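**Student:** Quick one, entry08.txt (compact mmCIF, C-alpha atoms and all ligand atoms):
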```txt
# COMPACT_ATOMS: atom_id res chain seq x y z
CA MET A 1 0.00 0.00 0.00
CA ALA A 2 1.40 3.45 -0.82
CA VAL A 3 0.91 6.32 1.63
CA LEU A 4 1.38 9.81 0.26
CA GLY A 5 2.36 13.20 1.70
CA GLY A 6 3.28 14.63 5.08
CA THR A 7 6.26 14.04 7.27
CA VAL A 8 7.29 10.56 8.31
CA ILE A 9 9.63 9.97 11.25
CA VAL A 10 11.52 6.69 11.52
CA GLY A 11 12.10 5.73 15.17
CA ALA A 12 10.16 6.38 18.39
CA GLY A 13 13.24 6.98 20.54
CA ILE A 14 13.93 10.21 22.43
CA GLY A 15 14.89 12.05 19.21
CA GLY A 16 12.00 10.79 17.08
CA LEU A 17 9.34 11.52 19.71
CA ALA A 18 10.77 14.96 20.49
CA VAL A 19 10.81 16.03 16.84
CA ALA A 20 7.26 14.70 16.35
CA LEU A 21 6.08 16.83 19.26
CA ALA A 22 8.01 19.87 18.09
CA LEU A 23 6.56 19.60 14.57
CA ARG A 24 3.03 19.38 15.97
CA GLN A 25 3.65 22.72 17.71
CA TYR A 26 3.91 24.19 14.21
CA GLY A 27 0.80 22.34 13.05
CA ILE A 28 2.77 19.94 10.84
CA SER A 29 1.17 16.50 10.61
CA VAL A 30 3.46 13.57 11.36
CA ARG A 31 3.49 9.82 11.43
CA VAL A 32 6.08 7.90 13.46
CA ILE A 33 7.13 4.41 12.37
CA GLU A 34 8.75 2.19 14.98
CA LYS A 35 10.07 -1.31 14.45
CA ALA A 36 9.41 -2.44 18.02
CA ASP A 37 5.92 -3.72 18.83
CA LYS A 38 5.60 -1.22 21.63
CA LEU A 39 7.58 1.64 23.16
CA LEU A 40 11.13 0.56 23.97
CA ASN A 41 11.25 0.18 27.72
CA VAL A 42 15.02 0.14 28.21
CA GLY A 43 15.79 -0.50 31.88
CA ALA A 44 18.30 2.29 32.32
CA GLY A 45 18.64 5.84 33.51
CA VAL A 46 19.37 8.95 31.50
CA GLN A 47 20.82 12.28 32.57
CA ILE A 48 19.10 15.29 31.06
CA SER A 49 21.29 18.34 31.46
CA ALA A 50 20.06 21.92 31.37
CA ASN A 51 20.48 22.28 27.59
CA GLY A 52 18.22 19.26 26.97
CA PHE A 53 15.81 20.29 29.72
CA ARG A 54 15.22 23.62 27.98
CA VAL A 55 13.90 21.72 24.97
CA LEU A 56 11.61 19.61 27.16
CA THR A 57 10.33 22.83 28.75
CA ALA A 58 9.71 24.44 25.36
CA LEU A 59 7.82 21.28 24.35
CA GLY A 60 5.56 21.83 27.37
CA ILE A 61 6.73 18.81 29.38
CA GLY A 62 9.43 20.37 31.59
CA SER A 63 7.45 20.22 34.81
CA VAL A 64 6.12 16.68 34.33
CA CYS A 65 9.68 15.52 33.57
CA SER A 66 10.97 17.29 36.69
CA LYS A 67 8.34 15.55 38.80
CA SER A 68 9.44 12.15 37.48
CA SER A 69 13.14 12.85 38.03
CA ILE A 70 15.73 13.61 40.61
CA LYS A 71 17.48 16.95 40.40
CA ALA A 72 21.24 16.43 40.66
CA ARG A 73 23.01 18.54 43.28
CA ALA A 74 26.51 17.64 42.16
CA VAL A 75 28.73 15.44 40.04
CA GLU A 76 31.52 13.74 41.98
CA LEU A 77 34.65 12.16 40.55
CA ILE A 78 35.84 9.50 42.98
CA ALA A 79 38.97 7.31 43.27
CA TYR A 80 37.90 3.71 42.75
CA LYS A 81 39.73 2.09 45.68
CA SER A 82 39.82 4.72 48.42
CA ALA A 83 36.35 6.04 47.54
CA GLN A 84 37.75 9.51 48.17
CA THR A 85 36.29 12.39 46.23
CA VAL A 86 38.86 13.64 43.75
CA CYS A 87 36.75 16.43 42.34
CA LYS A 88 33.29 17.76 43.11
CA LEU A 89 31.27 19.75 40.63
CA ASP A 90 28.82 21.42 42.96
CA ILE A 91 26.06 22.24 40.50
CA GLY A 92 23.65 23.32 43.24
CA LYS A 93 26.07 25.92 44.62
CA TYR A 94 27.93 27.20 41.58
CA ASN A 95 25.49 26.69 38.76
CA ASN A 96 22.37 27.80 40.51
CA GLY A 97 19.32 27.80 38.34
CA LEU A 98 20.51 25.08 35.99
CA THR A 99 18.43 21.93 36.06
CA HIS A 100 20.24 18.63 35.69
CA LEU A 101 17.81 15.72 35.84
CA MET A 102 18.43 12.02 36.47
CA MET A 103 15.52 9.90 35.33
CA HIS A 104 14.39 6.51 34.08
CA ARG A 105 14.50 6.33 30.27
CA ALA A 106 11.09 4.67 30.17
CA ASP A 107 9.60 7.61 32.11
CA LEU A 108 10.99 10.12 29.63
CA ILE A 109 9.87 8.06 26.64
CA ASN A 110 6.37 7.64 28.11
CA ILE A 111 6.00 11.35 28.83
CA LEU A 112 7.08 12.21 25.28
CA PHE A 113 4.80 9.56 23.80
CA ASN A 114 1.71 10.62 25.78
CA SER A 115 2.25 14.23 24.77
CA CYS A 116 2.60 13.15 21.14
CA ILE A 117 -0.71 11.28 21.37
CA ASP A 118 -2.38 14.35 22.91
CA ALA A 119 -0.91 16.48 20.14
CA GLY A 120 -2.31 14.21 17.42
CA VAL A 121 0.81 12.39 16.23
CA SER A 122 0.00 9.06 14.58
CA PHE A 123 2.09 5.98 15.29
CA SER A 124 2.73 2.68 13.65
CA PHE A 125 4.46 0.12 15.86
CA GLY A 126 5.84 -3.21 14.73
CA GLU A 127 6.75 -1.73 11.35
CA ARG A 128 10.41 -1.98 10.41
CA VAL A 129 11.89 0.32 7.80
CA ILE A 130 13.87 -1.72 5.31
CA LEU A 131 14.86 0.89 2.80
CA VAL A 132 14.98 4.67 2.58
CA SER A 133 15.79 6.32 -0.73
CA ASN A 134 16.28 9.94 -1.58
CA ASP A 135 16.39 10.18 -5.38
CA THR A 136 13.85 12.92 -6.06
CA LYS A 137 11.30 12.60 -3.31
CA PRO A 138 11.87 10.42 -0.24
CA GLU A 139 10.66 6.89 -0.37
CA ILE A 140 10.39 4.64 2.69
CA VAL A 141 9.84 0.94 2.31
CA THR A 142 8.78 -0.93 5.42
CA THR A 143 7.71 -4.43 6.28
CA LEU A 144 4.09 -3.25 5.85
CA ASN A 145 3.98 -0.19 3.59
CA ARG A 146 5.61 2.04 1.04
CA TYR A 147 5.57 5.78 1.89
CA ARG A 148 6.24 8.82 -0.33
CA PRO A 149 6.39 11.65 2.25
CA GLU A 150 7.60 15.20 1.62
CA VAL A 151 10.15 14.75 4.39
CA ALA A 152 11.57 11.57 5.92
CA ILE A 153 13.17 12.21 9.31
CA CYS A 154 15.41 9.29 10.23
CA ALA A 155 15.76 9.19 14.02
CA ASP A 156 16.52 5.48 13.91
CA GLY A 157 19.62 5.39 16.07
CA VAL A 158 23.15 4.06 15.57
CA HIS A 159 22.21 1.50 12.92
CA SER A 160 20.19 4.01 10.91
CA VAL A 161 18.77 2.89 7.58
CA GLY A 162 18.48 6.57 6.60
CA ARG A 163 22.16 7.18 7.25
CA LYS A 164 23.05 4.35 4.88
CA SER A 165 20.86 5.87 2.19
CA ILE A 166 22.65 9.21 2.45
CA LEU A 167 26.22 8.13 3.19
CA GLY A 168 26.41 4.52 2.10
CA HIS A 169 27.72 1.75 4.34
CA ALA A 170 30.35 2.78 6.88
CA ARG A 171 32.34 0.62 9.20
CA PRO A 172 32.55 2.09 12.71
CA TYR A 173 35.45 0.86 14.77
CA PHE A 174 35.31 -0.74 18.18
CA THR A 175 36.76 1.61 20.80
CA GLY A 176 37.83 -1.28 23.01
CA ASN A 177 35.25 -0.21 25.60
CA VAL A 178 32.04 -1.89 26.64
CA ALA A 179 29.29 -0.38 28.78
CA TRP A 180 27.45 -2.58 31.25
CA ARG A 181 24.21 -1.28 32.64
CA ALA A 182 21.97 -2.34 35.50
CA LEU A 183 19.33 -0.98 37.85
CA VAL A 184 19.53 -1.92 41.53
CA PRO A 185 17.61 -0.97 44.68
CA ASN A 186 19.11 2.02 46.46
CA THR A 187 20.34 0.12 49.51
CA THR A 188 23.27 2.50 50.04
CA ASP A 189 21.24 5.69 50.53
CA HIS A 190 22.79 7.11 47.37
CA PRO A 191 22.39 10.89 47.53
CA GLU A 192 21.13 13.14 44.69
CA VAL A 193 24.48 13.23 42.96
CA ALA A 194 25.97 11.55 39.92
CA ARG A 195 29.12 9.71 40.93
CA ILE A 196 31.93 8.64 38.63
CA TYR A 197 34.36 6.12 40.14
CA MET A 198 37.62 6.19 38.19
CA GLY A 199 39.86 3.12 38.08
CA PRO A 200 42.52 1.64 35.80
CA LYS A 201 40.93 0.94 32.40
CA LYS A 202 37.47 1.12 33.92
CA HIS A 203 35.00 3.54 35.39
CA VAL A 204 31.58 3.34 36.99
CA VAL A 205 28.78 5.91 36.93
CA THR A 206 26.07 5.72 39.60
CA TYR A 207 23.06 7.93 40.17
CA PRO A 208 19.66 7.55 41.78
CA ILE A 209 16.35 7.66 39.90
CA ARG A 210 12.63 7.28 40.75
CA ASP A 211 12.43 9.01 44.15
CA ARG A 212 15.89 7.64 44.98
CA SER A 213 14.44 4.13 45.24
CA VAL A 214 16.63 2.81 42.42
CA VAL A 215 20.26 3.36 41.45
CA ASN A 216 21.29 3.40 37.80
CA LEU A 217 24.68 1.81 37.15
CA VAL A 218 26.77 2.26 34.03
CA LEU A 219 30.07 0.40 34.17
CA ILE A 220 32.62 0.97 31.44
CA GLU A 221 35.41 -1.50 30.90
CA GLU A 222 38.25 -1.68 28.37
CA ARG A 223 38.23 -4.98 26.48
CA ASP A 224 39.75 -6.52 23.40
CA ALA A 225 36.73 -8.59 22.47
CA TRP A 226 34.09 -7.05 20.27
CA ILE A 227 30.51 -6.80 21.57
CA LYS A 228 27.31 -5.81 19.74
CA GLU A 229 26.11 -2.19 19.84
CA SER A 230 22.64 -2.79 21.22
CA TRP A 231 20.43 -2.00 24.22
CA SER A 232 19.17 -5.60 24.31
CA GLU A 233 22.44 -7.57 24.51
CA LYS A 234 22.33 -9.50 27.81
CA GLY A 235 25.38 -9.73 30.09
CA ASP A 236 26.22 -12.00 33.00
CA ALA A 237 25.90 -10.45 36.46
CA ASN A 238 28.68 -12.61 37.95
CA THR A 239 31.11 -11.68 35.19
CA LEU A 240 30.23 -8.06 35.84
CA ARG A 241 30.91 -8.45 39.58
CA ARG A 242 34.23 -10.16 38.87
CA SER A 243 35.27 -7.41 36.46
CA PHE A 244 34.60 -4.70 39.02
CA CYS A 245 35.47 -6.52 42.26
CA ASP A 246 38.33 -4.09 42.95
CA PHE A 247 35.78 -1.24 43.03
CA ASP A 248 34.52 -2.45 46.38
CA LEU A 249 34.40 0.83 48.27
CA GLY A 250 31.21 2.80 47.89
CA ILE A 251 29.61 0.64 45.24
CA GLY A 252 30.21 -2.87 46.60
CA ASP A 253 26.68 -3.23 47.97
CA LEU A 254 25.17 -1.99 44.78
CA LEU A 255 27.05 -4.53 42.68
CA SER A 256 26.02 -7.42 44.86
CA ASN A 257 22.39 -6.56 44.09
CA VAL A 258 22.71 -6.74 40.31
CA GLN A 259 20.28 -9.38 39.02
CA THR A 260 20.14 -8.64 35.31
CA THR A 261 22.58 -6.69 33.26
CA HIS A 262 23.05 -5.67 29.64
CA VAL A 263 26.22 -4.85 27.84
CA TRP A 264 26.76 -2.45 24.94
CA GLY A 265 29.88 -2.38 22.75
CA LEU A 266 31.06 1.20 22.33
CA PHE A 267 31.93 2.02 18.72
CA ARG A 268 33.22 5.23 17.27
CA HIS A 269 31.21 6.53 14.33
CA PRO A 270 32.20 9.73 12.62
CA VAL A 271 29.66 12.56 12.72
CA ALA A 272 27.86 12.39 9.34
CA HIS A 273 29.45 14.88 6.94
CA LYS A 274 26.08 15.25 5.23
CA TRP A 275 22.83 15.21 7.25
CA HIS A 276 20.26 15.34 4.45
CA ALA A 277 19.65 14.47 0.81
CA GLY A 278 16.51 14.76 -1.31
CA GLY A 279 14.13 15.27 1.63
CA VAL A 280 15.67 12.56 3.84
CA VAL A 281 17.24 13.96 7.01
CA LEU A 282 19.10 12.45 9.96
CA LEU A 283 18.56 13.28 13.63
CA GLY A 284 20.14 12.23 16.95
CA ASP A 285 22.29 9.09 16.98
CA ALA A 286 21.51 8.47 13.31
CA ALA A 287 23.56 11.57 12.46
CA HIS A 288 26.04 11.58 15.32
CA PRO A 289 26.34 8.66 17.74
CA THR A 290 28.52 9.59 20.68
CA LEU A 291 30.39 7.74 23.39
CA PRO A 292 28.41 8.23 26.61
CA PHE A 293 31.27 9.96 28.49
CA MET A 294 29.63 13.39 28.59
CA ALA A 295 26.05 12.04 28.90
CA GLN A 296 25.03 14.20 25.95
CA GLY A 297 23.64 11.84 23.24
CA ALA A 298 19.99 12.21 24.24
CA ASN A 299 20.46 15.90 25.02
CA LEU A 300 21.87 16.51 21.56
CA ALA A 301 18.95 14.58 20.02
CA LEU A 302 16.55 16.90 21.89
CA GLU A 303 18.40 19.97 20.63
CA ASP A 304 18.37 18.58 17.07
CA ALA A 305 14.62 17.99 17.31
CA TRP A 306 13.93 21.57 18.27
CA VAL A 307 16.13 23.05 15.53
CA LEU A 308 14.88 20.74 12.78
CA ALA A 309 11.22 21.49 13.54
CA LYS A 310 11.95 25.21 13.52
CA CYS A 311 13.90 25.07 10.26
CA LEU A 312 11.15 23.05 8.56
CA SER A 313 8.45 25.41 9.77
CA LYS A 314 10.29 28.55 8.67
CA THR A 315 10.87 27.84 5.01
CA SER A 316 8.94 26.59 2.04
CA ALA A 317 12.23 25.68 0.34
CA LEU A 318 12.81 22.26 1.87
CA LYS A 319 16.45 21.93 0.86
CA MET A 320 17.31 25.31 2.41
CA GLY A 321 15.52 24.39 5.63
CA LEU A 322 17.39 21.11 5.91
CA GLN A 323 20.70 22.78 5.12
CA SER A 324 20.18 25.44 7.82
CA TYR A 325 19.40 22.63 10.30
CA GLN A 326 22.72 20.98 9.47
CA ASP A 327 24.59 24.30 9.57
CA LEU A 328 23.11 25.21 12.95
CA ARG A 329 23.88 21.84 14.53
CA LYS A 330 26.99 20.23 13.11
CA SER A 331 29.85 22.12 14.70
CA ARG A 332 28.35 22.13 18.21
CA VAL A 333 27.68 18.40 17.96
CA GLU A 334 31.25 17.74 16.76
CA GLU A 335 32.76 19.73 19.64
CA ILE A 336 30.75 17.91 22.30
CA ILE A 337 31.43 14.50 20.79
CA SER A 338 35.16 15.08 20.65
CA LEU A 339 35.10 16.17 24.29
CA ALA A 340 33.31 12.91 25.20
CA GLU A 341 35.91 10.89 23.31
CA GLY A 342 38.70 12.71 25.17
CA ASN A 343 37.26 11.75 28.54
CA THR A 344 37.96 8.02 28.10
CA TRP A 345 41.65 8.14 28.96
CA LYS A 346 41.15 10.71 31.75
CA TYR A 347 38.80 8.38 33.60
CA HIS A 348 40.82 5.22 32.89
CA LEU A 349 44.40 6.12 33.83
CA ALA A 350 46.17 2.84 34.56
CA PHE A 351 49.74 3.85 35.47
CA PRO A 352 49.51 4.54 39.25
CA PRO A 353 51.92 7.53 39.46
CA LEU A 354 50.19 9.19 36.52
CA ARG A 355 46.76 8.51 38.02
CA TRP A 356 47.90 9.89 41.38
CA ALA A 357 49.24 13.06 39.75
CA ALA A 358 46.11 13.57 37.63
CA HIS A 359 43.80 13.03 40.59
CA LYS A 360 45.89 15.39 42.73
CA THR A 361 45.63 18.09 40.05
CA MET A 362 41.85 17.64 39.83
CA TRP A 363 41.53 17.75 43.60
CA THR A 364 43.58 20.96 43.85
CA MET A 365 41.63 22.64 41.06
CA SER A 366 38.28 21.77 42.61
CA LYS A 367 39.41 23.08 46.00
CA LEU A 368 41.03 26.28 44.72
CA MET A 369 38.55 27.22 42.02
CA PRO A 370 35.37 25.20 42.46
CA ARG A 371 33.25 27.68 40.54
CA ARG A 372 35.57 27.56 37.55
CA VAL A 373 35.60 23.78 37.55
CA VAL A 374 31.80 23.74 37.38
CA ARG A 375 31.49 26.59 34.90
CA GLN A 376 34.01 25.15 32.40
CA PHE A 377 31.06 23.36 30.77
CA ASP A 378 28.83 26.43 30.53
CA TRP A 379 29.09 26.33 26.74
CA ILE A 380 27.32 22.96 26.83
CA TYR A 381 24.82 23.35 29.64
CA ARG A 382 23.95 27.05 29.48
CA TYR A 383 23.30 26.86 25.77
CA ASP A 384 19.62 27.55 25.05
CA VAL A 385 18.71 26.23 21.64
CA THR A 386 15.11 27.34 22.14
CA ALA A 387 16.20 30.97 22.43
CA GLU A 388 17.94 30.98 19.04
CA PRO A 389 16.09 33.11 16.48
C1 LIG B 401 25.31 3.19 28.37
C2 LIG B 401 24.79 4.48 27.80
C3 LIG B 401 24.41 5.53 28.65
C4 LIG B 401 23.94 6.74 28.12
N1 LIG B 401 23.60 7.76 28.99
C5 LIG B 401 23.18 8.94 28.48
C6 LIG B 401 22.82 10.03 29.34
O1 LIG B 401 22.84 9.91 30.58
N2 LIG B 401 22.42 11.22 28.78
C7 LIG B 401 22.36 11.37 27.42
O2 LIG B 401 22.01 12.47 26.96
N3 LIG B 401 22.68 10.35 26.58
C8 LIG B 401 23.08 9.15 27.06
N4 LIG B 401 23.37 8.12 26.21
C9 LIG B 401 23.17 8.31 24.76
C10 LIG B 401 21.69 8.24 24.41
O3 LIG B 401 21.13 7.05 24.93
C11 LIG B 401 21.47 8.24 22.89
O4 LIG B 401 22.26 9.24 22.32
C12 LIG B 401 19.99 8.52 22.59
O5 LIG B 401 19.18 7.48 23.08
C13 LIG B 401 19.78 8.68 21.09
O6 LIG B 401 18.40 8.82 20.82
P1 LIG B 401 17.85 8.58 19.36
O7 LIG B 401 16.38 8.88 19.44
O8 LIG B 401 18.67 9.31 18.36
O9 LIG B 401 18.09 7.03 19.06
P2 LIG B 401 17.53 5.74 19.80
O10 LIG B 401 17.27 6.01 21.24
O11 LIG B 401 18.46 4.63 19.47
O12 LIG B 401 16.12 5.46 19.10
C14 LIG B 401 16.04 4.92 17.80
C15 LIG B 401 14.64 4.33 17.61
O13 LIG B 401 14.51 3.94 16.25
C16 LIG B 401 13.96 2.62 16.19
N5 LIG B 401 14.44 2.01 14.94
C17 LIG B 401 15.72 1.67 14.64
N6 LIG B 401 15.79 1.15 13.42
C18 LIG B 401 14.52 1.16 12.91
C19 LIG B 401 13.96 0.72 11.68
N7 LIG B 401 14.72 0.18 10.72
N8 LIG B 401 12.63 0.87 11.49
C20 LIG B 401 11.85 1.43 12.47
N9 LIG B 401 12.33 1.84 13.67
C21 LIG B 401 13.65 1.71 13.87
C22 LIG B 401 14.51 1.94 17.44
O14 LIG B 401 13.74 0.80 17.80
C23 LIG B 401 14.42 3.07 18.45
O15 LIG B 401 13.15 3.15 19.07
C24 LIG B 401 23.84 6.89 26.71
C25 LIG B 401 24.18 5.85 25.85
C26 LIG B 401 24.67 4.65 26.39
C27 LIG B 401 25.05 3.54 25.45
```
For this file, write the structure as structure tokens.
**Tutor:**
Amino acid sequence: MAVLGGTVIVGAGIGGLAVALALRQYGISVRVIEKADKLLNVGAGVQISANGFRVLTALGIGSVCSKSSIKARAVELIAYKSAQTVCKLDIGKYNNGLTHLMMHRADLINILFNSCIDAGVSFSFGERVILVSNDTKPEIVTTLNRYRPEVAICADGVHSVGRKSILGHARPYFTGNVAWRALVPNTTDHPEVARIYMGPKKHVVTYPIRDRSVVNLVLIEERDAWIKESWSEKGDANTLRRSFCDFDLGIGDLLSNVQTTHVWGLFRHPVAHKWHAGGVVLLGDAAHPTLPFMAQGANLALEDAWVLAKCLSKTSALKMGLQSYQDLRKSRVEEIISLAEGNTWKYHLAFPPLRWAAHKTMWTMSKLMPRRVVRQFDWIYRYDVTAEP
């Protein structure tokens, strides 16, 4: 069956849902196609920093997201064995007014989805896109339909079909890092802070979600063996515990409570050099997957969503609109992603004297100039994409 007209979005992830909602604010009708049978309920947390939160607020869901989240007071960098704080970014004190949320992914996805339904977005679940082409007008071939929309927004994540149609096949390379994830009960009275435990060739991120009843764990480990890039790849809890048994201080109790865990191979993909062609456009991870070391992937997808909707609403010349979207987004995205890539070695220092010296420097800086240490990331967090003309 052929379906004509309108805007079709591939992918009901954070990016796809946010752009659907943003487009509805301009009265543009949209259909979202999602391969999963229902909303992806990934059992994991997500940090939404102030730049992403501004988009949620502009979409009218800032307060409901706040109510379902925990507001972070600080980010602490901690030595893995002594559990001593190496550096504290006191967001509450030095970045007053900026909202940094820690929430369950499923809560964010559900809030976005319900708002999309209220706004009149139509959805098709259990429909996998097989082919996207961009010759003259976009064409989307799925397991159920063939669409000829005016615009095809591909928000279909790291394995994007749309990206292949624009850029051809690319081979990302394995960074040698894998990310374990798990949710555990908050038996350690984890405060409202995001903690990063730094050890040789490994680090662990912990933060509370859902009224502090649950702690989200992300555990990054350097490895030679290749692992799939997927939210659904299961891991073994005992292997996880063995891998991180030297991280016993502070997080030992949390690790012993891990029942199920998933593991995600971290690959490096270049930022797409071209984000659109013939009415097909990429958004979020489809355009620019990032390593999770600045917790910005979802935040960047939210920013993209806002800018793309605005660019599409402002012009009748589609190609110009899509080009201004790319121009407005690409360099900021590249800068943040390269910062995230640079964080790997800083967290994973293995040579003890070097680690000691680096931690000492961080400690001194955070004692002598705590405000500066927090405000060094102003260009990321204070950025308000919704205020751009
Ligand atoms: C361990 C880890 C922790 C992270 N923590 C954070 C964090 O704290 N903060 C942050 O900002 N970012 C974080 N990120 C990054 C963030 O998760 C991603 O950048 C974000 O989810 C990207 O959203 P997206 O909508 O672009 O893609 P996705 O979330 O991948 O959504 C893509 C959607 O498209 C659907 N789809 C895919 N292919 C097809 C197809 N062929 N047909 C139809 N549908 C399709 C998928 O089922 C999915 O629903 C983390 C990433 C990892 C790996």
**Student:** Residues at most 6 Å from ligand LIG 401 (chain B), using all atoms listed in the file? Could they come as a ChimeraX atom specification?
**Tutor:** /A:10-16,33-36,40,46-48,128-130,155-157,160-161,179,218,284-286,292,295-299,301
**Student:** In file coordinates, which residues lie within 7 Å of (10.5, 10.5, -6.4) using all atoms listed in the file, given as a list of chain:residue names?
**Tutor:**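 Every residue inside that radius is included here: A:Asp135, A:Thr136, A:Lys137, A:Pro138.
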**Student:** Quick one, how far is CA of Cys116 in chain A from CA of Ser230 in chain A?
**Tutor:**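 Rounded to one decimal, the two atoms are 25.6 Å apart.
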**Student:** Could you pull the residues within 10 Å of Ala309 in chain A, counting only C-alpha atoms, minus those fewer than 4 positions along the same chain, as a list in words?
**Tutor:**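 Everything that qualifies: Ala18, Val19, Ala20, Leu21, Ala22, Leu23, Arg24, Gln25, Tyr26, Ile28, Asp304, Ala305, Ser313, Lys314, Gly321, Leu322 and Tyr325 of chain A.
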**Student:** Please identify all polymer residues within 10 Å of range 231-248 of chain A, counting all atoms listed in the file, omitting same-chain residues fewer than 6 positions from it, and present them as an NGL selection string.
**Tutor:** :A and (40 or 42-44 or 79-83 or 180-182 or 197-199 or 202-204 or 219-221 or 254-265)
**Student:** Rounded to one decimal place, report the CA of Lys228 in chain A-CA of Leu39 in chain A distance in Å.
**Tutor:** 21.4 Å
**Student:** Nearest to Gly97 in chain A: which of A:Leu368, A:Val141, A:Val75, A:Ala50 is it, counting all atoms listed in the file?
**Tutor:**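 The answer is A:Ala50, which sits nearest to Gly97 in chain A.
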**Student:** Report the centre and edge lengths, in Å to one decimal, of an axis-aligned box enclosing every atom of range 101-104 of chain A listed in the file, padded by 6 Å on each side, as lines of an AutoDock Vina configuration file.
**Tutor:**
```
center_x = 16.4
center_y = 11.1
center_z = 35.3
size_x = 16.0
size_y = 21.2
size_z = 14.4
```
**Student:** A:Lys310, A:Arg31, A:Lys360, A:Arg375: which is nearest Phe125 in chain A, counting only C-alpha atoms?
**Tutor:** A:Arg31
**Student:** How far is it from CA of Arg382 in chain A to CA of Asn114 in chain A, in Å with one decimal?
**Tutor:**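 Computing the Euclidean distance for CA of Arg382 in chain A and CA of Asn114 in chain A yields 27.9 Å.
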**Student:** Between A:Leu17, A:Ala357, A:Met365, A:Val215, which one has atoms that come closest to Val121 in chain A, using all atoms listed in the file?
**Tutor:**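 The answer is A:Leu17, which sits nearest to Val121 in chain A.
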**Student:** Which one of A:Gly278, A:Pro270, A:Gly6, A:Gly45 sits closest to Pro172 in chain A if you count only C-alpha atoms?
**Tutor:**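 When distances to Pro172 in chain A are compared using only C-alpha atoms, the smallest one comes from A:Pro270.
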**Student:** Counting only C-alpha atoms, write as a PyMOL selection string all protein and nucleic acid residues lying at most 10 Å from (43.0, 14.1, 42.7) in the file's frame.
**Tutor:** chain A and resi 77-79+84-87+355-366
